[in-house]
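First the structure, in the form of structure tokens, and then the observations on it.
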Amino acid sequence: MGLIVAEGITKDYYVGVTSPREKFKKDIVAENITKDYHGGEVTVRALKEVSFEIEPGSFVSFVGPSGSGKTTLLNLIGCLDKPTDGSLTVVDTNVLQLNRKQAASFRGNHIGFIFQDFNLIPVLTVFENVEYPLLMVQNVEAGGRKKRVMSLLEAVGMEEQRDKYPDQISGGQKQRVAVARALVTNPKLVLADEPTANLDHKTAYMVIELMKRMRDEFETTFIFSTHDQKIVGEAEILYLLEDGELVSKQMKEGEVHV
Ligand code: ADP
Ligand code: MG
């Protein structure tokens, strides 16, 4: 036995624009999250002591069969609900302490949502749909709003359709508008609960590619859930949920058990 035993030592040097502090910041820190739903006499334990961390700019997927807890978990991250037990920090904020009003404001400023069925507002144009979150939560004057909306529509290739209504564009185009709308407030995180569930393979793949390109362009963290085998391989980090438990974490390079 030597005087010094060193095992598994790693030393990283950070160069370039990212400071070490920024590098070590996490977008999400979840520790032992448990979520119970109480319905009459039965209690459903939807999540069991789930722990994970997500770094800024990640492209992450929670994967698992129906009923495994994906929606429950995304709802907790999106501050739409609170865990029964455990701790959860989202963008350096202990979100369990937020009241309803604070949670709404936190969501408006930090989180974008992409819904399964696009959820575009039928009486608003493409432009107005993307503008909507800015009117709701952020106090941006008209000129600034127009600039912001148009830059997002350009980013998703929908600037020429700006005056069309949702029923005048295709499913794939609607999803592009939904991605632009999720990003318009410049959120740190975008959450998408089974965003490709109702799409054909080609459109599903395009949506995932678009989200990845937006992650690269805006450095937004994307977290989506899916039970769709076709797109599972597109995530860079993949968490597998089974019956409310996080059973594995897979990175593009290989698999790490949690
Ligand atoms: P997934 O999105 O992976 O299909 P969910 O998070 O929707 O899974 O559901 C996880 C478990 O929690 C399931 O057993 C489901 O029936 C239950 N569950 C979800 N929402 C509720 C609720 N509001 N009340 C009672 N049980 C619920
Ligand atoms: Mg679900």
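Labels used: A, B, ... for chains in the order of the structure tokens, numbers from 1 for residues in each chain, and numbers from 1 for ligands as shown.
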
Residues of chain A that approach ligand 2 to 12 Å or less, counting only C-alpha atoms and all ligand atoms: could you list each one with the shortest pair of atoms and its distance in Å to one decimal, rows by chain and increasing residue number, as CSV?
residue,atom,partner,partner_atom_place_in_ligand_line,distance
A:Ala46,CA,ligand 2,1 (Mg),11.3
A:Phe62,CA,ligand 2,1 (Mg),10.5
A:Val63,CA,ligand 2,1 (Mg),10.2
A:Gly64,CA,ligand 2,1 (Mg),9.4
A:Pro65,CA,ligand 2,1 (Mg),8.9
A:Ser66,CA,ligand 2,1 (Mg),6.5
A:Gly67,CA,ligand 2,1 (Mg),6.9
A:Ser68,CA,ligand 2,1 (Mg),8.1
A:Gly69,CA,ligand 2,1 (Mg),7.0
A:Lys70,CA,ligand 2,1 (Mg),5.4
A:Thr71,CA,ligand 2,1 (Mg),4.1
A:Thr72,CA,ligand 2,1 (Mg),7.3
A:Leu73,CA,ligand 2,1 (Mg),9.2
A:Leu74,CA,ligand 2,1 (Mg),8.9
A:Asn75,CA,ligand 2,1 (Mg),9.8
A:Phe115,CA,ligand 2,1 (Mg),11.1
A:Gln116,CA,ligand 2,1 (Mg),9.7
A:Ala192,CA,ligand 2,1 (Mg),10.5
A:Asp193,CA,ligand 2,1 (Mg),6.7
A:Glu194,CA,ligand 2,1 (Mg),7.0
A:Pro195,CA,ligand 2,1 (Mg),10.5
A:Ala197,CA,ligand 2,1 (Mg),10.1
A:Phe224,CA,ligand 2,1 (Mg),10.8
A:Ser225,CA,ligand 2,1 (Mg),7.8
A:Thr226,CA,ligand 2,1 (Mg),8.2
A:His227,CA,ligand 2,1 (Mg),9.0
A:Asp228,CA,ligand 2,1 (Mg),11.8
A:Leu241,CA,ligand 2,1 (Mg),11.7
A:Gly244,CA,ligand 2,1 (Mg),11.9

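If you count only C-alpha atoms and ignore residues fewer than 5 places along the chain from Gly171 in chain A, what sits within 12 Å of it is Gln116, Asp117, Phe118, Asn119, Leu120, Pro166, Arg176, Val177, Ala178, Pro195, Thr196, Asn198, Leu199, Asp200, Lys202, Thr203, Ala204, Met206 and Val207 of chain A.
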
Quick one: everything within 8 Å of Ala103 in chain A, counting only C-alpha atoms, minus sequence neighbours fewer than 4 positions away in the same chain. Send it as number ranges by chain.
-> A: 79-80, 95, 98-99, 107

Got a sec: who's within 7 Å of Val60 in chain A, counting only C-alpha atoms, leaving out chain neighbours fewer than 5 positions off, as a ChimeraX atom specification?
-> /A:222-224,235-238

Using only C-alpha atoms, the shortest atom-to-atom distance to Ile231 in chain A among A:Pro122, A:Leu189, A:Ile208, A:Gly40 belongs to A:Ile208

Mind listing the alpha helix (DSSP H) residues of range 12-153 of chain A, per DSSP on the backbone, as a ChimeraX atom specification?
-> /A:20-24,70-77,100-110,126-137,142-153

Go ahead and compute the interatomic distance for atom 14 (O, counted along the ligand's line) of ligand 1 and CA of Asn94 in chain A, in Å to one decimal.
-> 26.3 Å

So which one's closest to ligand 1, A:Pro133, A:Pro83, A:Gly144, A:Gly39? Using only C-alpha atoms and all ligand atoms, please.
->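 Closest to ligand 1, using only C-alpha atoms and all ligand atoms: A:Gly39.
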
Shell of 10 Å around Gly157 in chain A, only C-alpha atoms, local chain residues under 3 positions omitted, as a ChimeraX atom specification = /A:151-154,160-161,173,176-177,180

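Between CA of Val44 in chain A and atom 17 (C, counted along the ligand's line) of ligand 1 the separation is 6.1 Å.
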
Work out how far CA of Arg213 in chain A is from CA of Arg145 in chain A, in Å to one decimal.
->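 Going from CA of Arg145 in chain A over to CA of Arg213 in chain A covers 22.4 Å.
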
Based on DSSP run over this structure's backbone, return all residues of range 12-254 of chain A in strand (DSSP E), as number ranges by chain.
-> A: 28-39, 42-54, 59-63, 85-90, 93-94, 111-114, 189-193, 221-226, 237-242, 245-251

Just write the chosen residues, C-alpha atoms, as an mmCIF file, in the first residue's frame.
data_model
loop_
_atom_site.group_PDB
_atom_site.id
_atom_site.type_symbol
_atom_site.label_atom_id
_atom_site.label_comp_id
_atom_site.auth_asym_id
_atom_site.auth_seq_id
_atom_site.Cartn_x
_atom_site.Cartn_y
_atom_site.Cartn_z
ATOM 1 C CA ILE A 28 -32.585 20.995 -12.389
ATOM 2 C CA VAL A 29 -31.630 19.210 -9.193
ATOM 3 C CA ALA A 30 -34.200 16.647 -8.070
ATOM 4 C CA GLU A 31 -33.580 14.683 -4.893
ATOM 5 C CA ASN A 32 -35.695 11.756 -3.778
ATOM 6 C CA ILE A 33 -38.865 13.050 -5.331
ATOM 7 C CA THR A 34 -41.967 11.094 -4.449
ATOM 8 C CA LYS A 35 -45.418 11.933 -5.743
ATOM 9 C CA ASP A 36 -48.619 10.397 -4.411
ATOM 10 C CA TYR A 37 -52.063 10.985 -5.821
ATOM 11 C CA HIS A 38 -54.795 10.572 -3.255
ATOM 12 C CA GLY A 39 -58.098 9.573 -4.754
ATOM 13 C CA VAL A 42 -56.595 4.558 -2.846
ATOM 14 C CA THR A 43 -53.274 6.291 -3.072
ATOM 15 C CA VAL A 44 -51.269 5.980 -6.265
ATOM 16 C CA ARG A 45 -47.524 6.421 -5.870
ATOM 17 C CA ALA A 46 -46.720 7.891 -9.290
ATOM 18 C CA LEU A 47 -43.043 8.656 -8.533
ATOM 19 C CA LYS A 48 -40.772 6.876 -6.073
ATOM 20 C CA GLU A 49 -37.677 8.631 -4.730
ATOM 21 C CA VAL A 50 -36.562 9.928 -8.071
ATOM 22 C CA SER A 51 -33.222 11.782 -8.175
ATOM 23 C CA PHE A 52 -31.413 13.353 -11.103
ATOM 24 C CA GLU A 53 -29.598 16.460 -12.254
ATOM 25 C CA ILE A 54 -29.855 18.224 -15.585
ATOM 26 C CA PHE A 59 -31.261 17.519 -24.664
ATOM 27 C CA VAL A 60 -32.962 15.058 -22.373
ATOM 28 C CA SER A 61 -35.733 12.538 -22.697
ATOM 29 C CA PHE A 62 -37.760 10.726 -20.037
ATOM 30 C CA VAL A 63 -38.840 7.451 -21.525
ATOM 31 C CA ASP A 85 -41.739 14.434 -0.669
ATOM 32 C CA GLY A 86 -38.202 15.301 -1.730
ATOM 33 C CA SER A 87 -36.569 18.461 -2.964
ATOM 34 C CA LEU A 88 -36.594 20.135 -6.343
ATOM 35 C CA THR A 89 -34.533 23.041 -7.577
ATOM 36 C CA VAL A 90 -35.280 24.468 -11.014
ATOM 37 C CA THR A 93 -34.976 28.247 -7.388
ATOM 38 C CA ASN A 94 -36.443 26.011 -4.713
ATOM 39 C CA ILE A 111 -40.173 27.694 -18.803
ATOM 40 C CA GLY A 112 -41.636 27.132 -22.259
ATOM 41 C CA PHE A 113 -44.143 24.351 -22.964
ATOM 42 C CA ILE A 114 -44.814 22.363 -26.098
ATOM 43 C CA LEU A 189 -36.082 25.253 -20.154
ATOM 44 C CA VAL A 190 -38.527 23.907 -22.674
ATOM 45 C CA LEU A 191 -40.723 21.020 -21.560
ATOM 46 C CA ALA A 192 -42.527 18.848 -24.073
ATOM 47 C CA ASP A 193 -44.800 16.027 -22.935
ATOM 48 C CA THR A 221 -32.434 23.032 -22.193
ATOM 49 C CA PHE A 222 -34.974 20.716 -23.811
ATOM 50 C CA ILE A 223 -36.691 18.016 -21.816
ATOM 51 C CA PHE A 224 -39.231 15.815 -23.506
ATOM 52 C CA SER A 225 -41.072 12.650 -22.629
ATOM 53 C CA THR A 226 -41.894 9.866 -25.002
ATOM 54 C CA ILE A 237 -29.428 11.858 -22.320
ATOM 55 C CA LEU A 238 -32.184 9.372 -21.729
ATOM 56 C CA TYR A 239 -33.770 8.542 -18.384
ATOM 57 C CA LEU A 240 -35.827 5.398 -18.227
ATOM 58 C CA LEU A 241 -38.877 5.387 -15.951
ATOM 59 C CA GLU A 242 -40.576 2.183 -14.885
ATOM 60 C CA GLU A 245 -38.882 4.656 -10.567
ATOM 61 C CA LEU A 246 -35.917 5.990 -12.449
ATOM 62 C CA VAL A 247 -34.192 2.776 -13.450
ATOM 63 C CA SER A 248 -31.420 3.928 -15.759
ATOM 64 C CA LYS A 249 -29.655 6.841 -17.338
ATOM 65 C CA GLN A 250 -28.261 6.405 -20.807
ATOM 66 C CA MET A 251 -25.931 8.821 -22.493
#

List the neighbours of range 214-218 of chain A out to 9 Å using only C-alpha atoms; skip same-chain residues closer than 6 positions along the sequence, and give me the result as an mmCIF file with C-alpha atoms, in the first residue's frame.
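The result, written out as result.cif:
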data_model
loop_
_atom_site.group_PDB
_atom_site.id
_atom_site.type_symbol
_atom_site.label_atom_id
_atom_site.label_comp_id
_atom_site.auth_asym_id
_atom_site.auth_seq_id
_atom_site.Cartn_x
_atom_site.Cartn_y
_atom_site.Cartn_z
ATOM 1 C CA GLY A 57 -28.207 23.131 -22.655
ATOM 2 C CA SER A 58 -29.010 19.421 -22.310
ATOM 3 C CA PHE A 59 -31.261 17.519 -24.664
ATOM 4 C CA ALA A 155 -35.688 30.392 -36.865
ATOM 5 C CA VAL A 156 -38.382 27.747 -37.434
ATOM 6 C CA VAL A 179 -41.794 25.342 -30.865
ATOM 7 C CA LEU A 183 -39.117 29.789 -27.086
ATOM 8 C CA ASN A 186 -36.405 33.135 -24.018
#

For each of A:Asp92, A:Glu141, A:Asp81, A:Asp27, take the minimum atom-to-atom distance to ligand 1, counting only C-alpha atoms and all ligand atoms, then give the residue where this is smallest.
-> A:Asp81
